[in-house]
Amino acid sequence: MSKPEAIYRQDYQPSDYLIHTTELSFELFENETLVTAKVHYYQNPKVKNPPNSLFLNGKNLELIEILIDGFQPDYQLKNDGLQLKNLPADFVLEITTKIHPETNTSLNGLYKTSGNFCTQCEAHGFRQITYYLDRPDVLSVFTTRITADFKRYPILLSNGNLLENQPGTATWFDPHPKPCYLFALVAGDLAVLQDTFTTKSGAEVALKIYVEKHNISKTKFAMESLKRAFAWDERRFGLEYDLEIYMIVAVDDFNMGAMENKGLNIFNSKYVLANPDTATDSDFINIEAVIGHEYFHNWTGNRVTCQDWFQLSLKEGLTVFRDQEFTSDLHARSIKRITDVKALRTLQFAEDSGPMAHPVRPESYIEMNNFYTMTVYEKGAEVVRMIHTLLGEAGFQRGLKLYFQRYDGQAVTIDDFVEAMSEANNFDFADFMAWYSTSGTPQIRIKNSANKITISQPDERLFPLKYGVLDCEGSELESGVLIMKGKQKQFDFSHLPADCRFSWLRDFSAPVKLKP
């Protein structure tokens with residue numbers, strides 16, 4: 001067996017070809033599934049002298065038929081995909097493949113669970129469905145047609161808006177370009193809880209939560225949480241939903257906690273279902289947070305997605321920050337912050353100091369799924385929180401608005417996000433970027449000499465240090481945020497009484513350790 005090869009961030013190259021449209025047709029049978037993909041490819045205008053060949057990812061696929069513009073192409077099958085040769089600059093590729101979701105135990109691509117068909121395509125699952133450019137920086141508009149035995153599978157779901165729905169057939173169209181990792185399909189005999197939400201611009205969105213029939217009584221809180229998430233994202237960030245329908249499917253066998261597929265989120269049941277007679281307050285808050293997290297991805301992850309998988313924290317760190325703020329605004333902010341910091345210090349700090357330590361944005365990987373970690377998610381959220389602290393709420397909102405204006409419908413990088421924050425606020429984040437590129441937990445030392453405070457750190461990264469000053473009776477004299485930059489910096493508090501006491505790292509304003 002050949003040794004797996006590492007993939008390096010510095011080796012990123014844009015795709016030689018891009019995709020206008022993707023038309024998928026699924027014929028679901030008990031012992032096989034036929035997938036026909038009609039994909040309109042064109043050469044990337046940003047690539048100089050692109051080759052007239054293209055490699056498409058594919059895994060565990062049986063090729064039935066392949067045509068380019070109606071003719072037999074020049075191609076070569078390989079273990080991990082399909083090599084197309086002698087291509088025109090613009091062409092339509094039609095491929096029919098046979099797959100076996102009924103025996104797919106990887107829980108990636110299309111598989112069966114409890115008698116239902118379900119997909120999981122992040123990070124590399126779509127290549128188990130058809131031959132395709134399975135990379136996050138290639139976006140396409142998708143149309144999906146599903147046919148199946150109506151008695152067995154009366155519910156046929158995919159991304160976008162429903163164009164056609166007849167017994168045994170459904171067609172879905174998603175007008176928003178997306179990478180294939182956000183594709184989803186569900187087919188089964190499921191119960192549904194339905195509701196609606198009216199956006200601030202007056203559009204009515206159908207809300208549907210699909211579960212196995214015996215679980216339908218446990219979905220009410222999830223629906224209430226979803227409506228709160230819709231309203232909060234409009235109120236706090238001015239972000240509205242953009243399709244006619246929003247669906248959640250909960251299945252018992254799902255290899256991630258939840259997945260933000262555009263308009264069709266798929267969850268592990270435990271993150272959706274709550275029995276009001278037995279669930280605890282923590283259960284309810286956790287369900288609300290996960291429901292909110294996947295919904296918030298609609299903008300931070302779907303409308304603007306990742307150029308490559310090294311940028312995973314671009315969507316996950318930012319969206320964890322947003323779901324933390326969601327819970328904080330709806331409940332007790334101080335308790336939420338204590339809970340998050342406790343988990344960070346207990347779990348992520350340990351990860352940062354052990355053999356699995358890695359930066360928020362790694363420089364290489366062998367297996368992408370190994371980077372769905374506390375560092376990428378929770379530490380990534382802390383890095384976004386530091387940006388929020390440095391800029392303030394109004395400044396952060398300005399930066400996020402510019403980010404969406406500039407990159408909506410694109411696949412971008414962490415640098416693009418930080419640059420938008422910088423330009424919107426005229427703030428230099430050059431020394432801040434070490435938070436994304438360096439592993440480990442910084443240890444800082446604070447010394448006080450006659451209320452002249454000297455702060456030192458092992459490197460020169462920029463971070464905010466919230467503080468408070470108390471008199472000898474415990475009354476607050478002053479509070480604020482110090483901006484630390486460089487290996488050592490002094491701050492003068494000589495205007496305060498000599499016997500005052502300092503309170504450092506309030507709100508855990510930076511993921512650091514204070515050395516005595």
# chains A, B, ... in the order shown; residues from 1 in each chain; ligands from 1
call {"tool": "residues_around", "arguments": {"residues": "Pro101 of chain A", "least_positions_apart": "6", "cutoff": "10 Å", "atoms": "only C-alpha atoms", "output": "list in words"}}
result
Leu28, Phe29, Glu30, Asn31, Glu32, Thr33, Leu107, Asn108, Gly109, Leu110, Tyr111, Lys112, Thr113, Phe117, Cys118, Thr119, Gln128 and Ile129 of chain A
call {"tool": "closest_residue", "arguments": {"among": "A:Phe404, A:Glu460, A:Pro511, A:Ala450", "to": "Asp499 of chain A", "atoms": "only C-alpha atoms"}}
result
A:Ala450
call {"tool": "residues_around", "arguments": {"residues": "Val205 of chain A", "least_positions_apart": "2", "cutoff": "7 Å", "atoms": "only C-alpha atoms", "output": "MDAnalysis selection string"}}
result
chainID A and resid 196:198 203 207 244:246
call {"tool": "closest_residue", "arguments": {"among": "A:Thr413, A:Phe326, A:Lys262, A:Lys315", "to": "Val290 of chain A", "atoms": "only C-alpha atoms"}}
result
A:Phe326
call {"tool": "residues_around", "arguments": {"residues": "Leu243 of chain A", "least_positions_apart": "5", "cutoff": "12 Å", "atoms": "only C-alpha atoms", "output": "JSON, numbers by chain"}}
result
{"A": [159, 160, 161, 162, 172, 173, 174, 175, 176, 197, 198, 199, 203, 204, 205, 206, 207, 262, 263, 264, 298, 303]}
call {"tool": "write_last_selection", "arguments": {"atoms": "N, CA and C atoms", "output": "PDB file, in the first residue's frame"}}
result
ATOM      1  N   ASN A 159     -31.524  20.228  -2.239  1.00  0.00           N
ATOM      2  CA  ASN A 159     -31.295  21.649  -1.964  1.00  0.00           C
ATOM      3  C   ASN A 159     -32.191  22.538  -2.815  1.00  0.00           C
ATOM      4  N   GLY A 160     -32.512  23.719  -2.261  1.00  0.00           N
ATOM      5  CA  GLY A 160     -33.156  24.758  -3.062  1.00  0.00           C
ATOM      6  C   GLY A 160     -34.659  24.793  -2.927  1.00  0.00           C
ATOM      7  N   ASN A 161     -35.315  25.250  -4.006  1.00  0.00           N
ATOM      8  CA  ASN A 161     -36.767  25.370  -4.052  1.00  0.00           C
ATOM      9  C   ASN A 161     -37.358  24.206  -4.840  1.00  0.00           C
ATOM     10  N   LEU A 162     -38.551  23.782  -4.447  1.00  0.00           N
ATOM     11  CA  LEU A 162     -39.207  22.642  -5.076  1.00  0.00           C
ATOM     12  C   LEU A 162     -39.865  23.077  -6.386  1.00  0.00           C
ATOM     13  N   TRP A 172     -35.759  19.633  -7.637  1.00  0.00           N
ATOM     14  CA  TRP A 172     -35.363  20.775  -6.817  1.00  0.00           C
ATOM     15  C   TRP A 172     -34.374  21.640  -7.594  1.00  0.00           C
ATOM     16  N   PHE A 173     -34.469  22.952  -7.373  1.00  0.00           N
ATOM     17  CA  PHE A 173     -33.556  23.892  -8.029  1.00  0.00           C
ATOM     18  C   PHE A 173     -33.014  24.862  -6.990  1.00  0.00           C
ATOM     19  N   ASP A 174     -31.687  24.905  -6.904  1.00  0.00           N
ATOM     20  CA  ASP A 174     -31.026  25.847  -5.994  1.00  0.00           C
ATOM     21  C   ASP A 174     -30.398  26.959  -6.825  1.00  0.00           C
ATOM     22  N   PRO A 175     -30.929  28.185  -6.760  1.00  0.00           N
ATOM     23  CA  PRO A 175     -30.421  29.271  -7.606  1.00  0.00           C
ATOM     24  C   PRO A 175     -29.103  29.852  -7.145  1.00  0.00           C
ATOM     25  N   HIS A 176     -28.654  29.475  -5.945  1.00  0.00           N
ATOM     26  CA  HIS A 176     -27.423  30.034  -5.392  1.00  0.00           C
ATOM     27  C   HIS A 176     -26.250  29.105  -5.688  1.00  0.00           C
ATOM     28  N   PHE A 197     -42.009  31.191   8.504  1.00  0.00           N
ATOM     29  CA  PHE A 197     -41.368  32.391   9.045  1.00  0.00           C
ATOM     30  C   PHE A 197     -41.424  33.468   7.982  1.00  0.00           C
ATOM     31  N   THR A 198     -41.817  34.660   8.385  1.00  0.00           N
ATOM     32  CA  THR A 198     -41.865  35.782   7.460  1.00  0.00           C
ATOM     33  C   THR A 198     -40.657  36.670   7.697  1.00  0.00           C
ATOM     34  N   THR A 199     -39.824  36.839   6.673  1.00  0.00           N
ATOM     35  CA  THR A 199     -38.611  37.628   6.804  1.00  0.00           C
ATOM     36  C   THR A 199     -38.957  39.113   6.926  1.00  0.00           C
ATOM     37  N   ALA A 203     -40.959  38.158   2.836  1.00  0.00           N
ATOM     38  CA  ALA A 203     -41.016  36.858   2.172  1.00  0.00           C
ATOM     39  C   ALA A 203     -41.400  35.777   3.183  1.00  0.00           C
ATOM     40  N   GLU A 204     -42.321  34.912   2.790  1.00  0.00           N
ATOM     41  CA  GLU A 204     -42.730  33.820   3.671  1.00  0.00           C
ATOM     42  C   GLU A 204     -41.915  32.570   3.351  1.00  0.00           C
ATOM     43  N   VAL A 205     -41.269  32.030   4.361  1.00  0.00           N
ATOM     44  CA  VAL A 205     -40.430  30.844   4.208  1.00  0.00           C
ATOM     45  C   VAL A 205     -41.121  29.661   4.868  1.00  0.00           C
ATOM     46  N   ALA A 206     -41.269  28.567   4.122  1.00  0.00           N
ATOM     47  CA  ALA A 206     -41.813  27.344   4.696  1.00  0.00           C
ATOM     48  C   ALA A 206     -40.717  26.653   5.503  1.00  0.00           C
ATOM     49  N   LEU A 207     -41.008  26.292   6.737  1.00  0.00           N
ATOM     50  CA  LEU A 207     -40.071  25.601   7.616  1.00  0.00           C
ATOM     51  C   LEU A 207     -40.554  24.174   7.829  1.00  0.00           C
ATOM     52  N   LYS A 262     -27.057  23.582   1.862  1.00  0.00           N
ATOM     53  CA  LYS A 262     -27.882  24.739   1.536  1.00  0.00           C
ATOM     54  C   LYS A 262     -29.374  24.400   1.543  1.00  0.00           C
ATOM     55  N   GLY A 263     -30.113  24.969   2.486  1.00  0.00           N
ATOM     56  CA  GLY A 263     -31.556  24.808   2.548  1.00  0.00           C
ATOM     57  C   GLY A 263     -32.038  23.474   3.049  1.00  0.00           C
ATOM     58  N   LEU A 264     -31.123  22.508   3.265  1.00  0.00           N
ATOM     59  CA  LEU A 264     -31.500  21.168   3.717  1.00  0.00           C
ATOM     60  C   LEU A 264     -30.456  20.663   4.697  1.00  0.00           C
ATOM     61  N   ASN A 298     -25.749  29.586   6.590  1.00  0.00           N
ATOM     62  CA  ASN A 298     -26.318  29.986   5.302  1.00  0.00           C
ATOM     63  C   ASN A 298     -25.563  31.164   4.702  1.00  0.00           C
ATOM     64  N   ARG A 303     -23.195  31.093   1.457  1.00  0.00           N
ATOM     65  CA  ARG A 303     -23.156  32.220   0.525  1.00  0.00           C
ATOM     66  C   ARG A 303     -21.713  32.665   0.271  1.00  0.00           C
TER      67      ARG A 303
END
